[in-house]
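K.L.:
So that you have it, the file is input_5.cif, and it contains mmCIF, C-alpha atoms:
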data_my_file
loop_
_atom_site.label_atom_id
_atom_site.label_comp_id
_atom_site.auth_asym_id
_atom_site.auth_seq_id
_atom_site.Cartn_x
_atom_site.Cartn_y
_atom_site.Cartn_z
CA MET A 1 0.00 0.00 0.00
CA LYS A 2 1.28 3.44 -0.92
CA THR A 3 1.24 6.01 1.87
CA SER A 4 2.31 9.62 2.07
CA LYS A 5 5.57 10.59 3.72
CA ARG A 6 3.72 12.50 6.42
CA LEU A 7 1.62 9.45 7.28
CA GLU A 8 4.61 7.14 7.26
CA HIS A 9 6.60 9.46 9.54
CA ALA A 10 3.65 9.98 11.90
CA LEU A 11 3.00 6.24 12.19
CA LYS A 12 6.65 5.52 12.93
CA LYS A 13 6.81 8.21 15.61
CA LEU A 14 3.59 7.04 17.27
CA TYR A 15 4.69 3.41 17.15
CA VAL A 16 8.04 4.23 18.78
CA ALA A 17 6.36 6.46 21.39
CA PHE A 18 3.85 3.76 22.31
CA HIS A 19 6.49 1.04 22.69
CA ASN A 20 8.97 3.28 24.52
CA ASN A 21 6.27 4.37 26.98
CA VAL A 22 6.52 8.03 26.00
CA LEU A 23 2.93 8.44 24.84
CA ASN A 24 1.20 10.55 27.49
CA PRO A 25 -2.16 12.23 26.81
CA GLU A 26 -1.64 14.92 29.45
CA CYS A 27 1.74 16.16 28.22
CA CYS A 28 1.88 18.48 25.19
CA LYS A 29 5.27 17.04 24.20
CA GLN A 30 4.32 13.36 24.62
CA CYS A 31 0.72 13.31 23.40
CA ALA A 32 -0.15 12.16 19.89
CA VAL A 33 0.58 15.52 18.26
CA GLY A 34 3.59 16.20 20.45
CA ASN A 35 5.17 12.95 19.27
CA ILE A 36 4.27 13.59 15.63
CA LEU A 37 5.99 16.98 15.98
CA ASP A 38 9.20 15.52 17.38
CA ASN A 39 8.29 16.10 21.04
CA SER A 40 7.73 19.80 20.54
CA ASP A 41 5.01 21.67 22.39
CA SER A 42 4.92 24.60 19.96
CA TRP A 43 1.62 23.30 18.55
CA LYS A 44 -0.15 24.17 21.83
CA HIS A 45 -0.10 27.83 20.78
CA LEU A 46 -2.55 27.03 17.97
CA THR A 47 -5.47 26.74 20.42
CA ASP A 48 -6.41 28.13 23.80
CA ASN A 49 -7.20 24.76 25.39
CA HIS A 50 -5.48 21.37 25.12
CA GLY A 51 -8.01 19.10 23.47
CA SER A 52 -10.00 21.82 21.77
CA PRO A 53 -10.45 21.52 17.99
CA LYS A 54 -10.91 25.30 17.77
CA LEU A 55 -8.05 27.38 16.40
CA ASN A 56 -7.18 30.56 18.25
CA TYR A 57 -5.90 33.70 16.51
CA VAL A 58 -2.37 32.31 16.08
CA GLY A 59 -3.75 29.02 14.77
CA ARG A 60 -6.05 30.77 12.29
CA VAL A 61 -3.15 32.88 10.99
CA HIS A 62 -1.01 29.77 10.39
CA GLN A 63 -3.97 27.95 8.82
CA THR A 64 -4.77 30.89 6.52
CA LEU A 65 -1.13 31.20 5.46
CA GLY A 66 -1.11 27.51 4.53
CA ARG A 67 1.51 26.63 7.12
CA SER A 68 2.04 23.00 7.96
CA PHE A 69 3.92 21.22 10.72
CA ASN A 70 5.52 17.94 9.64
CA GLY A 71 2.98 17.93 6.82
CA TYR A 72 -0.14 18.62 8.90
CA THR A 73 -2.12 21.86 8.98
CA PRO A 74 -2.95 23.46 12.32
CA LEU A 75 -6.57 22.32 12.08
CA GLU A 76 -5.51 18.75 11.26
CA LEU A 77 -3.20 18.73 14.28
CA LEU A 78 -5.97 19.85 16.62
CA ASN A 79 -8.31 17.21 15.22
CA ILE A 80 -5.63 14.53 15.62
CA GLU A 81 -5.21 15.48 19.28
CA THR A 82 -8.96 15.66 19.88
CA THR A 83 -9.35 12.19 18.36
CA PHE A 84 -6.57 10.84 20.58
CA LEU A 85 -7.87 12.34 23.80
CA GLU A 86 -11.49 11.31 23.19
CA ALA A 87 -10.46 7.74 22.41
CA CYS A 88 -8.41 7.70 25.63
CA GLY A 89 -11.57 8.60 27.54
CA TYR A 90 -11.07 12.29 28.28
CA GLU A 91 -13.80 14.88 28.49
CA LEU A 92 -12.63 17.78 26.35
CA PRO A 93 -11.06 20.23 26.52
CA LEU A 94 -8.60 19.05 29.15
CA HIS A 95 -9.33 20.76 32.43
CA HIS A 96 -8.86 19.63 36.00
CA LYS A 97 -12.66 19.69 36.50
CA ASN A 98 -13.41 17.51 33.46
CA LYS A 99 -13.61 13.71 33.48
CA LYS A 100 -10.46 11.79 32.66
CA PRO A 101 -9.63 8.08 32.69
CA GLU A 102 -8.60 6.45 35.98
CA ASN A 103 -5.19 5.50 34.62
CA PRO A 104 -4.38 7.61 31.53
CA THR A 105 -1.03 5.87 30.93
CA ASP A 106 -2.52 2.35 30.95
CA LYS A 107 -1.42 0.55 27.78
CA ASN A 108 -5.02 -0.39 26.87
CA VAL A 109 -6.14 3.24 27.17
CA LEU A 110 -3.19 4.42 25.09
CA PHE A 111 -3.75 1.69 22.50
CA ASN A 112 -7.37 2.83 22.08
CA GLY A 113 -6.15 6.38 21.53
CA LEU A 114 -3.40 5.25 19.18
CA SER A 115 -5.82 3.13 17.13
CA ALA A 116 -8.24 6.03 16.76
CA VAL A 117 -5.43 8.36 15.66
CA VAL A 118 -4.12 5.88 13.09
CA THR A 119 -7.63 5.50 11.67
CA PHE A 120 -7.97 9.29 11.54
CA LEU A 121 -4.54 9.78 9.91
CA CYS A 122 -5.30 7.15 7.26
CA GLY A 123 -8.60 8.91 6.57
CA LEU A 124 -6.82 12.24 6.09
CA ASP A 125 -4.63 10.66 3.40
CA ASN A 126 -7.41 8.54 1.87
CA VAL A 127 -5.63 5.24 2.45
CA PRO A 128 -7.10 2.08 3.99
CA ASN A 129 -6.66 1.83 7.73
CA VAL A 130 -3.29 0.17 8.26
CA MET A 131 -4.52 -1.33 11.53
CA ASP A 132 -7.52 -3.04 9.93
CA TYR A 133 -6.77 -6.73 10.28
CA THR A 134 -10.18 -7.95 9.07
CA ARG A 135 -8.82 -8.62 5.57
CA LEU A 136 -6.70 -11.39 7.10
CA PHE A 137 -9.87 -13.31 7.91
CA GLU A 138 -11.76 -12.91 4.63
CA PHE A 139 -12.71 -16.12 2.86
CA GLU A 140 -13.71 -16.80 -0.74
CA ASP A 141 -15.06 -20.22 -1.65
CA GLU A 142 -13.69 -21.82 1.53
CA GLU A 143 -10.15 -20.51 0.89
CA LEU A 144 -8.33 -17.57 2.35
CA SER A 145 -8.70 -14.61 0.00
CA LEU A 146 -5.32 -13.21 1.05
CA ASN A 147 -2.07 -14.98 1.53
CA ILE A 148 -0.93 -13.98 5.02
CA HIS A 149 2.69 -14.54 4.06
CA ASN A 150 2.39 -11.87 1.34
CA ILE A 151 0.80 -9.41 3.76
CA ILE A 152 3.31 -9.76 6.56
CA PHE A 153 6.52 -10.31 4.67
CA LYS A 154 6.19 -7.92 1.73
#
What does this structure look like when you write it as structure tokens?

P.N.:
Amino acid sequence: MKTSKRLEHALKKLYVAFHNNVLNPECCKQCAVGNILDNSDSWKHLTDNHGSPKLNYVGRVHQTLGRSFNGYTPLELLNIETTFLEACGYELPLHHKNKKPENPTDKNVLFNGLSAVVTFLCGLDNVPNVMDYTRLFEFEDEELSLNIHNIIFK
């Protein structure tokens, strides 16, 4: 499957962050967008509240000028983060009074967030969801429709 460079880079960064235990929804440098942007928190100046999909003045200026950060527009970045936080079980925007998961760094919670982000990123680039494993189980006339060896080892 052909993917864009931005998607490939984002997936690699998120994969490494997840497995190195540096994916943290409450940290602007270690959340989904923070990791995509090389552990930078500069993206937080695009909105007034972490977890809000609404651009502030600075964000609107960058969006209007066509600026992108590692290939993603300011609005795309905010939507990526919103997707991640919602899938992790947060009430948005992040605020100490809003509901959050009991253990936000639990691997299952983070995997749910990661899966939602990967689905969202694939949708942005109009490619099939790379985490969709259902094709592995498709059958045609009592035979596997895909050769698992070709999927995994190519």

K.L.:
Report as JSON, numbers by chain the residues that result from applying the PyMOL selection byres ((chain A and resi 72-75) around 10) to the structure here.

P.N.:
{"A": [6, 7, 10, 33, 36, 37, 43, 44, 45, 46, 47, 53, 54, 55, 58, 59, 60, 61, 62, 63, 64, 66, 67, 68, 69, 70, 71, 76, 77, 78, 79, 80, 121, 124]}

K.L.:
Find the residues near region 91-107 of chain A: any atom within 12 Å, counting all atoms listed in the file, skip ones fewer than 6 places away on the same chain, and give them as a ChimeraX atom specification.

P.N.:
/A:17-28,30-31,47-54,78-79,81-85,113-115

K.L.:
For CA of Lys13 (chain A) and CA of Gly34 (chain A), quote the distance in Å rounded to one decimal.

P.N.:
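Distance reported for this atom pair: 9.9 Å.
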
K.L.:
Quick one: distance from CA of Asp41 (chain A) to CA of Val130 (chain A) in Å, one decimal?

P.N.:
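Computed distance, CA of Asp41 (chain A) to CA of Val130 (chain A), equals 27.0 Å.
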
K.L.:
Output, as JSON, the centre and edge lengths in Å (one decimal) of the axis-aligned box that contains all listed atoms of region 113-127 of chain A with 6 Å of margin on each side.

P.N.:
{"center_x": -6.0, "center_y": 7.7, "center_z": 11.7, "size_x": 17.2, "size_y": 21.1, "size_z": 31.7}

K.L.:
Between A:Val117, A:Leu65, A:Lys12, A:Gly89, single out the one closest to Ala32 (chain A), counting all atoms listed in the file.

P.N.:
A:Val117

K.L.:
Enter the distance from CA of Ala87 (chain A) to CA of Asn112 (chain A), in Å, rounded to one decimal.

P.N.:
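So the two atoms, CA of Ala87 (chain A) and CA of Asn112 (chain A), lie 5.8 Å apart.
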
K.L.:
Which is closest to Asn108 (chain A) among A:Asn39, A:Cys88, A:Asn129, A:Asn56, if we use all atoms listed in the file?

P.N.:
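Closest residue, counting all atoms listed in the file: A:Cys88.
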
K.L.:
Just checking: using all atoms listed in the file, which residue out of A:Thr3, A:Asn35, A:Tyr57, A:Lys29 ends up closest to Val16 (chain A)?

P.N.:
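When distances to Val16 (chain A) are compared using all atoms listed in the file, the smallest one comes from A:Asn35.
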
K.L.:
Between A:Leu110, A:Lys2, A:Glu86, A:Ser42, which one has atoms that come closest to Leu14 (chain A), using all atoms listed in the file?

P.N.:
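Answer, going by the shortest atom-to-atom distance: A:Leu110.
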